[in-house]
$ cat model.cif   # mmCIF, C-alpha atoms
data_data
#
loop_
_atom_site.label_atom_id
_atom_site.label_comp_id
_atom_site.auth_asym_id
_atom_site.auth_seq_id
_atom_site.Cartn_x
_atom_site.Cartn_y
_atom_site.Cartn_z
CA MET A 1 -27.85 16.83 -7.55
CA HIS A 2 -28.77 14.42 -4.78
CA LEU A 3 -26.16 13.87 -2.11
CA PRO A 4 -25.90 10.48 -0.41
CA SER A 5 -27.65 10.28 2.95
CA TRP A 6 -24.39 9.67 4.84
CA LEU A 7 -23.08 12.99 3.54
CA VAL A 8 -26.31 14.95 3.98
CA SER A 9 -26.36 14.11 7.69
CA ASP A 10 -22.73 15.20 8.07
CA ARG A 11 -23.18 18.94 8.52
CA ALA A 12 -19.61 19.55 9.68
CA GLY A 13 -18.30 17.62 6.70
CA LEU A 14 -20.35 19.73 4.30
CA VAL A 15 -18.93 22.86 5.89
CA LEU A 16 -15.42 21.46 5.46
CA LEU A 17 -16.00 20.62 1.80
CA THR A 18 -17.47 24.08 1.20
CA VAL A 19 -14.42 25.72 2.79
CA LEU A 20 -12.12 23.61 0.61
CA LEU A 21 -14.11 24.60 -2.48
CA ILE A 22 -13.86 28.29 -1.57
CA LEU A 23 -10.12 27.95 -0.93
CA GLY A 24 -9.67 26.06 -4.20
CA ILE A 25 -11.17 29.04 -6.05
CA ALA A 26 -10.06 31.99 -3.93
CA VAL A 27 -6.39 31.09 -3.49
CA PRO A 28 -5.61 30.81 -7.24
CA VAL A 29 -7.50 34.05 -7.92
CA LEU A 30 -5.76 35.98 -5.12
CA ASN A 31 -2.36 34.65 -6.13
CA LEU A 32 -2.49 34.80 -9.92
CA LEU A 33 -4.98 37.55 -10.75
CA VAL A 34 -4.61 40.07 -7.92
CA PRO A 35 -1.59 42.39 -8.45
CA PRO A 36 1.38 41.81 -6.09
CA ASP A 37 1.07 45.32 -4.62
CA HIS A 38 -2.59 44.78 -3.69
CA PRO A 39 -3.29 44.03 0.00
CA LEU A 40 -5.36 40.96 -0.96
CA HIS A 41 -2.56 39.40 -3.00
CA LEU A 42 -1.43 36.00 -1.72
CA THR A 43 2.30 35.41 -2.01
CA ALA A 44 3.83 32.18 -3.27
CA TYR A 45 5.06 31.54 0.28
CA THR A 46 1.51 31.74 1.65
CA VAL A 47 0.20 29.42 -1.07
CA THR A 48 2.91 26.88 -0.24
CA LEU A 49 2.19 27.20 3.47
CA LEU A 50 -1.53 26.61 2.94
CA GLY A 51 -0.78 23.62 0.74
CA LYS A 52 1.45 22.20 3.46
CA TYR A 53 -1.33 22.59 6.03
CA LEU A 54 -3.72 20.68 3.76
CA CYS A 55 -1.20 17.83 3.47
CA TYR A 56 -0.89 17.72 7.25
CA ALA A 57 -4.68 17.71 7.51
CA LEU A 58 -4.88 14.64 5.26
CA LEU A 59 -2.28 12.92 7.45
CA ALA A 60 -4.39 13.76 10.50
CA VAL A 61 -7.52 12.31 8.85
CA SER A 62 -5.65 9.06 8.17
CA ILE A 63 -4.63 8.83 11.83
CA ASP A 64 -8.14 9.64 13.03
CA LEU A 65 -9.50 6.75 10.95
CA VAL A 66 -7.45 4.17 12.83
CA TRP A 67 -7.31 5.90 16.22
CA GLY A 68 -10.70 7.53 16.52
CA TYR A 69 -12.75 4.73 14.95
CA MET A 70 -10.69 1.59 15.54
CA GLY A 71 -8.83 2.44 18.74
CA ILE A 72 -5.34 1.93 17.29
CA LEU A 73 -3.05 4.68 18.55
CA SER A 74 -0.39 4.72 15.85
CA LEU A 75 2.75 6.62 16.75
CA GLY A 76 4.39 5.73 13.46
CA HIS A 77 2.28 7.27 10.71
CA ALA A 78 5.11 9.68 9.92
CA ALA A 79 6.82 6.64 8.39
CA PHE A 80 4.10 6.22 5.76
CA PHE A 81 3.98 9.98 5.17
CA ALA A 82 7.75 10.03 4.60
CA LEU A 83 7.77 6.92 2.41
CA GLY A 84 5.17 8.50 0.14
CA GLY A 85 7.35 11.61 0.06
CA TYR A 86 10.49 9.64 -0.78
CA CYS A 87 8.74 7.76 -3.61
CA PHE A 88 7.69 11.01 -5.26
CA GLY A 89 11.00 12.66 -4.38
CA MET A 90 12.81 9.90 -6.31
CA TYR A 91 10.73 10.76 -9.37
CA LEU A 92 11.57 14.47 -8.98
CA MET A 93 15.28 13.64 -8.63
CA ARG A 94 15.23 11.63 -11.86
CA GLN A 95 13.71 14.63 -13.64
CA ILE A 96 16.79 16.76 -12.89
CA GLY A 97 18.89 14.88 -15.46
CA THR A 98 21.98 16.74 -16.65
CA ARG A 99 20.96 19.94 -14.84
CA GLY A 100 22.51 18.70 -11.60
CA VAL A 101 25.80 20.05 -10.23
CA TYR A 102 27.76 17.14 -11.75
CA GLY A 103 25.72 16.94 -14.96
CA ASP A 104 25.31 13.16 -14.81
CA PRO A 105 22.32 12.15 -16.97
CA LEU A 106 21.50 9.10 -14.84
CA LEU A 107 22.84 9.42 -11.30
CA PRO A 108 21.56 12.03 -8.82
CA ASP A 109 24.23 14.41 -7.52
CA PHE A 110 24.59 12.73 -4.13
CA MET A 111 25.36 9.40 -5.79
CA VAL A 112 28.04 10.98 -7.99
CA PHE A 113 29.51 12.65 -4.89
CA LEU A 114 29.59 9.30 -3.07
CA ASN A 115 31.25 7.58 -6.07
CA TRP A 116 28.31 5.38 -7.01
CA SER A 117 28.95 3.86 -10.42
CA GLU A 118 25.43 2.83 -11.36
CA LEU A 119 21.85 3.49 -10.40
CA PRO A 120 20.56 1.10 -7.69
CA TRP A 121 17.91 -1.35 -8.90
CA TYR A 122 15.22 0.19 -6.67
CA TRP A 123 15.63 3.56 -8.43
CA HIS A 124 14.74 2.13 -11.83
CA GLY A 125 11.29 3.05 -13.06
CA PHE A 126 11.14 6.27 -11.07
CA ASP A 127 11.76 8.32 -14.20
CA SER A 128 8.09 7.56 -14.98
CA PHE A 129 5.42 9.66 -13.27
CA GLY A 130 2.90 6.83 -13.44
CA PHE A 131 5.29 4.33 -11.85
CA ALA A 132 6.22 6.79 -9.09
CA ALA A 133 2.54 7.57 -8.38
CA LEU A 134 1.85 3.84 -8.14
CA MET A 135 4.77 3.32 -5.77
CA VAL A 136 3.49 6.14 -3.55
CA LEU A 137 0.58 3.84 -2.77
CA VAL A 138 2.23 0.42 -3.06
CA VAL A 139 5.37 0.85 -0.93
CA PRO A 140 3.75 2.35 2.22
CA GLY A 141 0.65 0.20 1.72
CA LEU A 142 2.68 -3.01 1.51
CA LEU A 143 4.74 -2.10 4.57
CA ALA A 144 1.58 -1.27 6.53
CA PHE A 145 -0.13 -4.49 5.48
CA VAL A 146 2.83 -6.72 6.37
CA PHE A 147 3.39 -4.88 9.65
CA GLY A 148 -0.31 -4.91 10.51
CA TRP A 149 -0.80 -8.53 9.47
CA PHE A 150 1.85 -9.84 11.86
CA ALA A 151 1.11 -7.38 14.65
CA PHE A 152 -2.65 -7.89 14.62
CA ARG A 153 -2.42 -11.67 14.17
CA SER A 154 -0.19 -11.69 17.25
CA ARG A 155 -2.92 -9.67 18.98
CA VAL A 156 -0.56 -6.87 19.88
CA SER A 157 -2.68 -3.93 20.95
CA GLY A 158 -2.86 -0.92 23.23
CA VAL A 159 0.32 0.74 24.38
CA TYR A 160 2.45 -2.14 23.07
CA LEU A 161 1.25 -1.54 19.52
CA SER A 162 1.89 2.19 19.91
CA ILE A 163 5.47 1.48 21.00
CA ILE A 164 6.03 -0.90 18.07
CA THR A 165 4.75 1.63 15.54
CA GLN A 166 7.09 4.22 17.01
CA ALA A 167 9.97 1.74 16.83
CA LEU A 168 9.10 1.15 13.17
CA THR A 169 9.41 4.80 12.19
CA TYR A 170 12.54 5.22 14.31
CA ALA A 171 14.20 2.24 12.63
CA LEU A 172 13.34 3.65 9.21
CA MET A 173 14.76 7.02 10.21
CA LEU A 174 18.08 5.43 11.23
CA ALA A 175 18.18 3.40 8.00
CA PHE A 176 17.51 6.39 5.75
CA PHE A 177 20.24 8.38 7.50
CA ARG A 178 22.81 5.90 6.12
CA ASN A 179 24.47 7.01 2.89
CA GLU A 180 24.76 3.44 1.60
CA MET A 181 20.95 3.15 1.50
CA GLY A 182 20.99 5.32 -1.63
CA PHE A 183 18.49 7.95 -0.49
CA GLY A 184 20.82 10.89 0.08
CA GLY A 185 21.60 10.15 3.72
CA ASN A 186 21.33 13.09 6.09
CA ASN A 187 20.62 15.59 3.29
CA GLY A 188 17.84 13.54 1.74
CA LEU A 189 16.48 14.45 -1.68
CA THR A 190 16.32 18.09 -2.79
CA ASP A 191 17.15 20.55 -5.58
CA PHE A 192 14.06 19.49 -7.51
CA LYS A 193 13.59 21.28 -10.84
CA ASP A 194 10.28 20.33 -12.42
CA VAL A 195 7.39 17.91 -12.49
CA LEU A 196 5.91 16.55 -15.74
CA GLY A 197 8.15 19.01 -17.59
CA VAL A 198 6.79 22.06 -15.73
CA PRO A 199 9.10 24.11 -13.45
CA LEU A 200 8.23 23.55 -9.81
CA HIS A 201 8.88 27.16 -8.83
CA ASP A 202 6.36 28.65 -11.26
CA ASP A 203 3.35 30.28 -9.60
CA GLY A 204 1.04 28.17 -11.75
CA THR A 205 2.68 24.95 -10.58
CA ARG A 206 2.36 25.98 -6.94
CA ILE A 207 -1.33 26.69 -7.48
CA VAL A 208 -1.88 23.32 -9.15
CA LEU A 209 -0.16 21.57 -6.24
CA PHE A 210 -2.31 23.52 -3.78
CA VAL A 211 -5.51 22.60 -5.62
CA LEU A 212 -4.39 18.95 -5.79
CA SER A 213 -3.79 19.04 -2.03
CA ALA A 214 -7.30 20.41 -1.46
CA LEU A 215 -8.77 17.73 -3.74
CA ALA A 216 -6.77 15.00 -2.00
CA LEU A 217 -7.98 16.18 1.41
CA ALA A 218 -11.60 16.34 0.19
CA GLY A 219 -11.28 12.89 -1.42
CA GLY A 220 -9.59 11.39 1.64
CA TYR A 221 -12.24 12.85 3.91
CA LEU A 222 -15.10 11.57 1.75
CA LEU A 223 -13.55 8.10 1.55
CA CYS A 224 -13.12 7.89 5.32
CA ARG A 225 -16.59 9.37 5.99
CA TRP A 226 -18.18 6.87 3.61
CA LEU A 227 -16.24 4.00 5.20
CA VAL A 228 -17.27 4.83 8.76
CA SER A 229 -20.92 5.24 7.70
CA THR A 230 -21.08 1.70 6.29
CA ARG A 231 -21.37 -1.59 8.12
CA MET A 232 -17.59 -1.76 8.09
CA GLY A 233 -17.55 1.49 10.07
CA ARG A 234 -19.79 -0.03 12.71
CA VAL A 235 -17.44 -3.00 12.91
CA LEU A 236 -14.54 -0.61 13.45
CA VAL A 237 -16.34 1.03 16.35
CA ALA A 238 -17.21 -2.40 17.77
CA ILE A 239 -13.52 -3.36 17.62
CA ARG A 240 -12.59 -0.10 19.33
CA ASP A 241 -15.13 -0.56 22.12
CA SER A 242 -14.64 -4.28 22.72
CA GLU A 243 -12.33 -6.23 20.46
CA ASP A 244 -13.00 -9.55 22.18
CA ARG A 245 -16.75 -9.14 21.80
CA ALA A 246 -16.40 -8.34 18.10
CA ARG A 247 -14.26 -11.44 17.66
CA PHE A 248 -16.77 -13.52 19.60
CA LEU A 249 -19.52 -12.33 17.24
CA GLY A 250 -17.61 -13.84 14.34
CA TYR A 251 -15.80 -10.87 12.81
CA ARG A 252 -12.27 -11.47 11.54
CA VAL A 253 -10.89 -8.66 13.63
CA GLU A 254 -7.27 -9.10 12.50
CA ARG A 255 -8.20 -8.84 8.82
CA VAL A 256 -10.35 -5.77 9.35
CA LYS A 257 -7.61 -4.03 11.32
CA ALA A 258 -4.93 -4.89 8.75
CA LEU A 259 -7.13 -3.68 5.88
CA VAL A 260 -8.06 -0.33 7.47
CA PHE A 261 -4.52 0.22 8.77
CA THR A 262 -3.25 -0.25 5.21
CA LEU A 263 -5.82 2.17 3.81
CA SER A 264 -4.84 4.72 6.44
CA ALA A 265 -1.14 4.33 5.57
CA MET A 266 -1.87 4.90 1.88
CA LEU A 267 -3.74 8.13 2.67
CA ALA A 268 -0.78 9.31 4.76
CA ALA A 269 1.54 8.46 1.84
CA VAL A 270 -0.52 10.55 -0.59
CA ALA A 271 -0.20 13.46 1.83
CA GLY A 272 3.57 12.97 1.90
CA ALA A 273 3.80 12.80 -1.90
CA LEU A 274 1.97 16.13 -2.23
CA TYR A 275 4.00 17.67 0.58
CA VAL A 276 7.43 17.08 -0.99
CA PRO A 277 7.12 19.11 -4.22
CA GLN A 278 5.66 22.01 -2.23
CA VAL A 279 8.40 22.23 0.40
CA GLY A 280 11.17 21.16 -2.02
CA ILE A 281 12.90 18.59 0.19
CA ILE A 282 12.47 15.21 1.87
CA ASN A 283 15.00 13.92 4.38
CA PRO A 284 15.13 11.28 7.16
CA GLY A 285 13.94 13.87 9.68
CA GLU A 286 10.42 13.27 8.37
CA PHE A 287 10.55 9.78 9.95
CA ALA A 288 11.25 11.27 13.39
CA PRO A 289 8.94 9.84 16.08
CA LEU A 290 8.24 13.41 17.21
CA ASN A 291 6.44 14.04 13.90
CA SER A 292 4.11 11.11 14.54
CA ILE A 293 3.42 12.30 18.09
CA GLU A 294 2.67 15.82 16.84
CA ALA A 295 0.19 14.41 14.34
CA VAL A 296 -1.59 12.52 17.13
CA ILE A 297 -1.80 15.79 19.09
CA TRP A 298 -3.43 17.49 16.07
CA VAL A 299 -6.16 14.85 16.16
CA ALA A 300 -6.57 15.10 19.94
CA VAL A 301 -6.87 18.90 19.79
CA GLY A 302 -9.50 18.80 17.05
CA GLY A 303 -11.40 15.85 18.49
CA ARG A 304 -10.73 12.24 17.61
CA GLY A 305 -13.39 10.08 16.02
CA THR A 306 -14.82 13.02 14.07
CA LEU A 307 -12.55 13.36 10.96
CA VAL A 308 -13.46 17.05 10.72
CA GLY A 309 -11.81 17.61 14.09
CA ALA A 310 -8.60 16.10 12.76
CA VAL A 311 -8.56 18.65 9.93
CA ILE A 312 -9.25 21.54 12.30
CA GLY A 313 -6.61 20.39 14.78
CA ALA A 314 -3.95 19.93 12.09
CA VAL A 315 -4.50 23.39 10.63
CA LEU A 316 -4.73 25.24 13.96
CA VAL A 317 -1.75 23.56 15.61
CA ASN A 318 0.45 23.99 12.55
CA TYR A 319 -0.55 27.62 12.20
CA ALA A 320 0.41 28.10 15.87
CA LYS A 321 3.68 26.29 15.20
CA THR A 322 4.47 28.53 12.24
CA TRP A 323 3.83 31.64 14.27
CA LEU A 324 5.44 30.53 17.53
CA THR A 325 8.59 29.02 16.02
CA GLY A 326 9.14 32.37 14.33
CA ALA A 327 8.45 34.53 17.40
CA LEU A 328 9.65 32.29 20.26
CA PRO A 329 11.29 29.15 18.80
CA GLU A 330 12.50 27.81 22.14
CA VAL A 331 8.95 27.81 23.55
CA TRP A 332 7.26 25.66 20.91
CA LEU A 333 7.85 22.18 22.37
CA PHE A 334 6.73 23.31 25.84
CA ALA A 335 3.64 24.90 24.31
CA LEU A 336 2.87 21.70 22.37
CA GLY A 337 3.21 19.55 25.48
CA GLY A 338 1.08 21.95 27.51
CA LEU A 339 -1.55 22.00 24.78
CA PHE A 340 -1.76 18.20 24.78
CA VAL A 341 -2.09 18.04 28.56
CA ALA A 342 -4.72 20.80 28.56
CA VAL A 343 -6.78 19.12 25.85
CA THR A 344 -6.53 15.71 27.54
CA VAL A 345 -7.65 17.08 30.91
CA LEU A 346 -10.12 19.79 29.90
CA LEU A 347 -11.30 18.80 26.42
CA PRO A 348 -11.25 15.00 26.08
CA TYR A 349 -13.37 15.30 22.91
CA GLY A 350 -11.33 18.18 21.49
CA LEU A 351 -12.59 21.38 19.94
CA ILE A 352 -15.39 19.56 18.11
CA GLY A 353 -16.62 18.22 21.45
CA LEU A 354 -16.58 21.75 22.87
CA LEU A 355 -18.63 23.08 19.93
CA ARG A 356 -21.16 20.27 20.23
CA ARG A 357 -21.50 20.90 23.96
CA LYS A 358 -22.22 24.57 23.31
CA GLU A 359 -24.83 23.68 20.67
CA LYS A 360 -26.65 21.44 23.12
CA THR A 361 -26.70 24.08 25.85
CA ALA A 362 -27.72 26.89 23.48
#

$ encode --input "model.cif" --output "C-alpha cells"
Amino acid sequence: MHLPSWLVSDRAGLVLLTVLLILGIAVPVLNLLVPPDHPLHLTAYTVTLLGKYLCYALLAVSIDLVWGYMGILSLGHAAFFALGGYCFGMYLMRQIGTRGVYGDPLLPDFMVFLNWSELPWYWHGFDSFGFAALMVLVVPGLLAFVFGWFAFRSRVSGVYLSIITQALTYALMLAFFRNEMGFGGNNGLTDFKDVLGVPLHDDGTRIVLFVLSALALAGGYLLCRWLVSTRMGRVLVAIRDSEDRARFLGYRVERVKALVFTLSAMLAAVAGALYVPQVGIINPGEFAPLNSIEAVIWVAVGGRGTLVGAVIGAVLVNYAKTWLTGALPEVWLFALGGLFVAVTVLLPYGLIGLLRRKEKTA
C-alpha cells in the first residue's frame, strides 16, 4: 500500500499512528482476554482512563490546528468540547426511558423533579442516535462559525480574541448552570444506562468506546496533517506570520479563519461526545475557562504547530494530573502553573522542539 507523500514525510505522525494501532489491539486483548488475576490484566478503570486521555488528545489537536498553524490562541475550546458532550449526553438521557428514578417514559429525572410538564422542543429528536451524532457536529460547528464570522470580520485578533473566546465559554457555563435551561443545571446529565441498546458499563462497551476514541484521534490527526500539508495549510501559516501581508496578497483571510476555526470546533466536539459515555457525566463545569487554559498548556508542553506534540502534551499532563491530584491534590494547580512558566521560558517549542534539537546535535 502506497502512503501519500505528506504522510510518508511525517515520521512522528507515523509513530503516533503505530502507537494508536498497537493500543487499539493490545488494550482490548489485555482487558478482555487476560484473566483478572494476571499482572498484565487491564482493569475497566484503566481502559476508561486511557480512553479519556485519547479524547483530551483530540481536543489538543483541534487547538493546535488554530493556535499552532493559524496563530489564534483560543481560550474557549472547552465550550465546543462540552457542547459535543451535551449533545451526546442528551441522547444517552433519552435512552434511560422508564428506568429512571421517577419512571417517566419521556422526561428525564431532573425535569420531573423540577415539575416540567413536557419535553422542551430542543430535546426532540435526541432519541435518535443518528440525529444526536449529527447535532454533535452541527451545534458546536454553527456556534463556532457564527462566532468566528463576526469576530474575524471585525478583525478582532491577538489577546482580544483570546479574551472573547474565554468570555464565550464562561457565558455558556453560567447559562448551563441555570435549571430553567433544561440541561440539568448544576448536576448536568448523568445516570446513563446504555447506548444503541448496549449497557454502557459492560467491558465490551468500554472497549468499543476506547477503540472509537483511538480511531477518532487517528482520523482527526490525519485530517489536520493533510490540511496543513496542502496549499490551505501554507495560507494558514502565512496568516499566522503576517495576516496583513496575506490579505494584501488577495487571500480572504476572514473566510479562511472562520472555516478552520469551525473545523477545529467540530473536532473538539467529537472529543467531547466520546468523552461523556466513558466518564458517565457531563455538567456545566466542563465549560469552565480553566479547562480551556489547561488544554492550551497541553499543547504548549508538547510543542505547538506540530500536532504530534499536542497529543504528547495532552497525555503526559493528564497522566501527571491523575497521579498528582491523587497524591497531593492541593499542589496540582501550582504544578500546572509552574509547568507552563517553565515550558514558556525554557522550552518555547515544547518537548517536540527539545527532541528535534537533540537529533540535530547527535

$ resolve_selection --input "model.cif" --expression "the PyMOL selection byres ((chain A and resi 23) around 12)" --output "PyMOL selection string"
chain A and resi 16-22+24-31+42+47+50-51+54+207+210-215+218

$ closest_residue --input "model.cif" --among "A:Pro277, A:Gly302, A:Gly350, A:Gly89" --to "Phe183 (chain A)" --atoms "all atoms listed in the file"
A:Gly89

$ resolve_selection --input "model.cif" --expression "the PyMOL selection byres ((chain A and resi 126) around 8)" --output "NGL selection string"
:A and (87 or 90-91 or 94 or 123-125 or 127-129 or 131-132)

$ resolve_selection --input "model.cif" --expression "the PyMOL selection byres ((chain A and resi 238-253) around 10)" --output "NGL selection string"
:A and (66-72 or 152-153 or 155 or 157 or 232-237 or 254-259)

$ write_last_selection --input "model.cif" --atoms "C-alpha atoms" --output "short mmCIF file (atom, residue, chain, number, x, y, z; two decimals), in the coordinates of the input"
data_model
loop_
_atom_site.label_atom_id
_atom_site.label_comp_id
_atom_site.auth_asym_id
_atom_site.auth_seq_id
_atom_site.Cartn_x
_atom_site.Cartn_y
_atom_site.Cartn_z
CA VAL A 66 -7.45 4.17 12.83
CA TRP A 67 -7.31 5.90 16.22
CA GLY A 68 -10.70 7.53 16.52
CA TYR A 69 -12.75 4.73 14.95
CA MET A 70 -10.69 1.59 15.54
CA GLY A 71 -8.83 2.44 18.74
CA ILE A 72 -5.34 1.93 17.29
CA PHE A 152 -2.65 -7.89 14.62
CA ARG A 153 -2.42 -11.67 14.17
CA ARG A 155 -2.92 -9.67 18.98
CA SER A 157 -2.68 -3.93 20.95
CA MET A 232 -17.59 -1.76 8.09
CA GLY A 233 -17.55 1.49 10.07
CA ARG A 234 -19.79 -0.03 12.71
CA VAL A 235 -17.44 -3.00 12.91
CA LEU A 236 -14.54 -0.61 13.45
CA VAL A 237 -16.34 1.03 16.35
CA GLU A 254 -7.27 -9.10 12.50
CA ARG A 255 -8.20 -8.84 8.82
CA VAL A 256 -10.35 -5.77 9.35
CA LYS A 257 -7.61 -4.03 11.32
CA ALA A 258 -4.93 -4.89 8.75
CA LEU A 259 -7.13 -3.68 5.88
#

$ residues_around --input "model.cif" --residues "Phe177 (chain A)" --least-positions-apart "6" --cutoff "8 Å" --atoms "all atoms listed in the file" --output "list of chain:residue names"
A:Gly184, A:Gly185, A:Asn186, A:Pro284

$ closest_residue --input "model.cif" --among "A:Val276, A:Leu200, A:Leu161, A:Leu83" --to "Gln95 (chain A)" --atoms "only C-alpha atoms"
A:Leu200

$ closest_residue --input "model.cif" --among "A:Gly219, A:Leu346, A:Gly100, A:Val296" --to "Val112 (chain A)" --atoms "all atoms listed in the file"
A:Gly100

$ closest_residue --input "model.cif" --among "A:Asn318, A:Gly85, A:Val311, A:Ala44" --to "Gly220 (chain A)" --atoms "all atoms listed in the file"
A:Val311

$ atom_distance --input "model.cif" --atom1 "CA of Leu316 (chain A)" --atom2 "CA of Ala82 (chain A)"
21.8 Å

$ residues_around --input "model.cif" --residues "Ala175 (chain A)" --least-positions-apart "4" --cutoff "12 Å" --atoms "only C-alpha atoms" --output "ChimeraX atom specification"
/A:79,168-171,179-186,188,283-285,287-288

$ atom_distance --input "model.cif" --atom1 "CA of Val228 (chain A)" --atom2 "CA of His2 (chain A)"
20.2 Å

$ closest_residue --input "model.cif" --among "A:Asn115, A:His77, A:Tyr56, A:Ala133" --to "Gly313 (chain A)" --atoms "only C-alpha atoms"
A:Tyr56
